[in-house]
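Listing of data16.txt; format and content: compact mmCIF, C-alpha atoms.
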# COMPACT_ATOMS: atom_id res chain seq x y z
CA MET A 1 -3.68 21.64 17.28
CA GLU A 2 -3.05 22.65 13.68
CA MET A 3 -3.36 20.06 10.96
CA SER A 4 -1.01 20.37 8.02
CA ARG A 5 -2.02 19.43 4.49
CA ARG A 6 0.41 16.50 4.57
CA LYS A 7 -0.99 15.18 7.86
CA PHE A 8 -4.56 15.52 6.59
CA LEU A 9 -3.78 13.70 3.34
CA GLY A 10 -1.93 10.94 5.20
CA SER A 11 -4.86 10.37 7.55
CA SER A 12 -7.33 10.57 4.68
CA ALA A 13 -5.37 8.00 2.66
CA ALA A 14 -5.52 5.51 5.50
CA ALA A 15 -9.26 6.01 5.90
CA VAL A 16 -9.86 5.71 2.14
CA ILE A 17 -7.95 2.42 1.96
CA VAL A 18 -9.90 0.87 4.82
CA ALA A 19 -13.26 2.22 3.62
CA GLY A 20 -12.56 1.18 0.03
CA THR A 21 -11.70 -2.35 1.02
CA MET A 22 -14.82 -2.66 3.14
CA ALA A 23 -17.03 -1.23 0.38
CA ARG A 24 -15.86 -3.86 -2.12
CA GLY A 25 -18.23 -6.37 -0.60
CA LYS A 26 -15.97 -7.98 1.96
CA VAL A 27 -17.74 -8.48 5.23
CA PHE A 28 -15.59 -7.74 8.21
CA GLY A 29 -16.29 -9.26 11.59
CA ALA A 30 -15.19 -7.93 14.95
CA ASN A 31 -11.75 -9.53 14.66
CA GLU A 32 -11.08 -8.99 10.95
CA ARG A 33 -8.79 -6.32 9.58
CA VAL A 34 -7.54 -5.08 6.24
CA ARG A 35 -4.26 -6.86 5.56
CA MET A 36 -1.83 -4.22 4.28
CA CYS A 37 1.47 -3.82 2.51
CA THR A 38 3.37 -0.65 1.72
CA ILE A 39 5.61 -0.70 -1.34
CA GLY A 40 8.53 1.71 -1.08
CA PHE A 41 8.84 3.44 2.26
CA HIS A 42 12.18 5.20 2.56
CA GLY A 43 10.33 8.52 2.16
CA GLN A 44 6.58 9.14 2.03
CA GLY A 45 5.78 5.44 2.45
CA GLY A 46 7.09 5.68 6.00
CA SER A 47 4.19 8.05 6.71
CA HIS A 48 1.78 5.49 5.27
CA ILE A 49 3.11 2.91 7.70
CA GLY A 50 2.89 5.30 10.64
CA GLU A 51 -0.70 6.32 9.93
CA LEU A 52 -1.94 2.81 9.20
CA LEU A 53 -0.29 1.39 12.32
CA LYS A 54 -2.45 3.80 14.34
CA MET A 55 -5.52 1.96 13.04
CA LYS A 56 -4.82 -1.20 15.04
CA ASP A 57 -8.45 -2.36 15.11
CA ASP A 58 -8.90 -2.08 11.35
CA VAL A 59 -5.48 -2.67 9.79
CA GLU A 60 -2.77 -5.29 10.07
CA TYR A 61 0.55 -5.09 8.24
CA VAL A 62 1.15 -8.54 6.78
CA ALA A 63 3.89 -7.50 4.32
CA LEU A 64 6.33 -4.75 3.38
CA CYS A 65 8.13 -4.31 0.08
CA ASP A 66 11.21 -2.25 -0.69
CA ALA A 67 14.08 -2.86 -3.11
CA ASP A 68 16.63 -1.62 -0.53
CA LYS A 69 17.26 -4.48 1.90
CA ASN A 70 18.45 -2.13 4.65
CA VAL A 71 15.29 -0.02 4.43
CA LEU A 72 13.18 -3.18 4.30
CA GLU A 73 14.84 -4.64 7.39
CA ALA A 74 14.30 -1.42 9.35
CA GLY A 75 10.64 -1.31 8.27
CA VAL A 76 10.03 -4.90 9.36
CA LYS A 77 11.52 -4.11 12.78
CA ARG A 78 9.36 -0.99 13.10
CA VAL A 79 6.15 -2.83 12.26
CA GLU A 80 7.04 -5.78 14.50
CA LYS A 81 7.66 -3.41 17.41
CA GLU A 82 4.33 -1.62 16.86
CA GLN A 83 2.01 -4.56 16.15
CA GLY A 84 3.78 -7.41 17.92
CA LYS A 85 4.53 -9.60 14.90
CA PRO A 86 6.70 -9.09 11.85
CA PRO A 87 5.31 -8.68 8.34
CA LYS A 88 6.67 -10.70 5.42
CA ALA A 89 9.50 -8.90 3.65
CA TYR A 90 9.65 -8.59 -0.14
CA THR A 91 12.34 -6.97 -2.27
CA ASP A 92 10.49 -7.73 -5.52
CA MET A 93 6.95 -6.41 -5.83
CA ARG A 94 6.03 -9.15 -8.30
CA ASP A 95 6.43 -11.71 -5.49
CA LEU A 96 4.30 -9.54 -3.22
CA MET A 97 1.49 -9.38 -5.79
CA ALA A 98 1.21 -13.17 -5.65
CA ASP A 99 0.65 -13.09 -1.86
CA LYS A 100 -3.07 -13.82 -1.33
CA ASN A 101 -2.79 -12.66 2.31
CA VAL A 102 -2.47 -9.01 1.20
CA ASP A 103 -5.78 -7.17 0.69
CA ALA A 104 -4.47 -3.68 -0.08
CA VAL A 105 -1.26 -1.86 -0.92
CA THR A 106 -0.01 1.67 -0.64
CA ILE A 107 2.55 2.66 -3.26
CA ALA A 108 5.23 5.23 -2.49
CA THR A 109 7.98 4.01 -4.77
CA PRO A 110 10.03 6.38 -6.93
CA ASN A 111 7.58 8.13 -9.29
CA HIS A 112 8.46 6.16 -12.43
CA TRP A 113 7.26 2.93 -10.74
CA HIS A 114 3.83 4.22 -9.62
CA SER A 115 1.81 3.19 -12.69
CA LEU A 116 3.29 -0.26 -13.17
CA ALA A 117 3.02 -1.12 -9.47
CA ALA A 118 -0.61 0.01 -9.47
CA VAL A 119 -1.41 -2.02 -12.62
CA TRP A 120 0.14 -5.16 -11.12
CA ALA A 121 -1.71 -4.61 -7.83
CA CYS A 122 -5.07 -4.18 -9.61
CA GLN A 123 -4.43 -7.29 -11.69
CA ALA A 124 -3.67 -9.19 -8.48
CA GLY A 125 -7.01 -8.05 -7.01
CA LYS A 126 -5.56 -5.70 -4.41
CA ASP A 127 -7.02 -2.37 -3.34
CA VAL A 128 -4.56 0.40 -4.17
CA TYR A 129 -3.53 3.81 -2.87
CA VAL A 130 -0.85 5.49 -5.00
CA GLU A 131 1.17 8.60 -4.19
CA LYS A 132 1.22 11.37 -6.78
CA PRO A 133 2.04 11.53 -9.59
CA LEU A 134 0.08 8.51 -10.74
CA SER A 135 1.83 8.56 -14.09
CA HIS A 136 4.25 10.62 -16.15
CA GLY A 137 2.18 10.47 -19.29
CA ILE A 138 -1.27 9.92 -20.69
CA TRP A 139 -0.41 6.47 -22.05
CA LYS A 140 0.53 5.14 -18.59
CA GLY A 141 -2.57 6.66 -17.01
CA VAL A 142 -4.86 5.15 -19.63
CA ASN A 143 -3.22 1.76 -19.24
CA LEU A 144 -3.73 1.92 -15.49
CA SER A 145 -7.45 2.54 -15.91
CA ARG A 146 -7.90 -0.66 -17.96
CA PRO A 147 -7.15 -3.25 -15.24
CA ARG A 148 -8.92 -1.08 -12.68
CA ARG A 149 -12.11 -1.18 -14.75
CA ARG A 150 -11.71 -4.89 -15.45
CA THR A 151 -11.11 -5.84 -11.81
CA ASN A 152 -13.17 -3.05 -10.20
CA ALA A 153 -10.22 -2.45 -7.85
What is this structure when it is put down as C-alpha cells?
Amino acid sequence: MEMSRRKFLGSSAAAVIVAGTMARGKVFGANERVRMCTIGFHGQGGSHIGELLKMKDDVEYVALCDADKNVLEAGVKRVEKEQGKPPKAYTDMRDLMADKNVDAVTIATPNHWHSLAAVWACQAGKDVYVEKPLSHGIWKGVNLSRPRRRTNA
C-alpha cells in the first residue's frame, strides 16, 4: 500500500500530539487519554479528526470548535458515532480555551486565524498542532513564540 505525503503527515501529526502531551510530564494510566479538540474542520481539520479517532486507546475527543454551526453539528455527530459519546460543541474558540477538560488542540482554521488561535491555546496551557502556514508574517510568528516559551507548550 502506498502512503501519500498527506496521509503520512496526518498520521505523524496525531502521533506528535499524543507524544508531546505525554512528554510534558503528565503521567497517563491504562485508562487515561489525551483529551482533544479540533478547531476548524470543514477541510483539513476533518482529516485531523479521522486520524485521531483511530487512536481510540490514546485519544478522546471532548470538544470540537467551528464557526459554521452546520459544520459543527455534522462534526459532533461524526465523533459521537465513532467514539460513542458526543464532544462539547463550540462556535467561539475563546470559550473553548477556557475548557479545562481539553488537553490539546489541532488548528485547521482559515490561514489568517492560525497564529492567534495558537497563541490563545498556548496561553490556556493546551498542547498545539497547527496546520501550515503558521503565520503570514514575521511579527505574528515572533508573537506566537513568546507564549510558547513562557508556558513551555
Original post:
Which neighbours of segment 69-81 of chain A fall inside 9 Å, counting only C-alpha atoms, when residues of the same chain fewer than 5 positions from it are skipped, and could you give them as a PyMOL selection string?
Top reply: chain A and resi 40-42+46+49-50+53+61+63-64+86-91
**OP:** Calculate how many Å separate atom CA of Trp120 of chain A from atom CA of Met93 of chain A, rounding to one decimal.
**Re:** 8.7 Å
Original post:
Just how far from atom CA of Gln44 of chain A is atom CA of Arg94 of chain A, in Å to one decimal?
Top reply: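 We find that atom CA of Arg94 of chain A and atom CA of Gln44 of chain A lie 21.0 Å from each other.
When all atoms listed in the file are used to measure the gap to Lys100 of chain A, the shortest distance among A:Leu52, A:Ser135, A:Val62, A:Trp113 belongs to A:Val62.
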**OP:** Please measure the separation of atom CA of Leu116 of chain A and atom CA of Val34 of chain A, giving the value in Å to one decimal.
**Re:**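 Between atom CA of Leu116 of chain A and atom CA of Val34 of chain A the gap works out to 22.7 Å.
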**OP:** Compare A:Gln83, A:Thr38, A:Ser47, A:Ser115 by their minimum atom-to-atom distance to Cys65 of chain A, counting all atoms listed in the file, and give me the closest one.
**Re:** A:Thr38
Subject >> Nearest to Gly43 of chain A, chosen from A:Asp103, A:Met55, A:Thr109, A:Gly84, with all atoms listed in the file counted in the distances >> reply: A:Thr109
Original post:
So, counting all atoms listed in the file, which residue among A:Ala67, A:Val130, A:His114, A:Thr106 is closest to Glu51 of chain A?
Top reply: A:Thr106
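Of the listed residues (A:Pro110, A:Ala118, A:Asp127, A:Asp66), A:Asp127 comes nearest to Met36 of chain A; the distances count all atoms listed in the file.
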Subject >> Selected residue of minimal separation from Val105 of chain A among A:Lys85, A:Cys37, A:Ala117, A:His136, counting all atoms listed in the file >> reply: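 Looking only at the distances to Val105 of chain A, the closest residue turns out to be A:Cys37.
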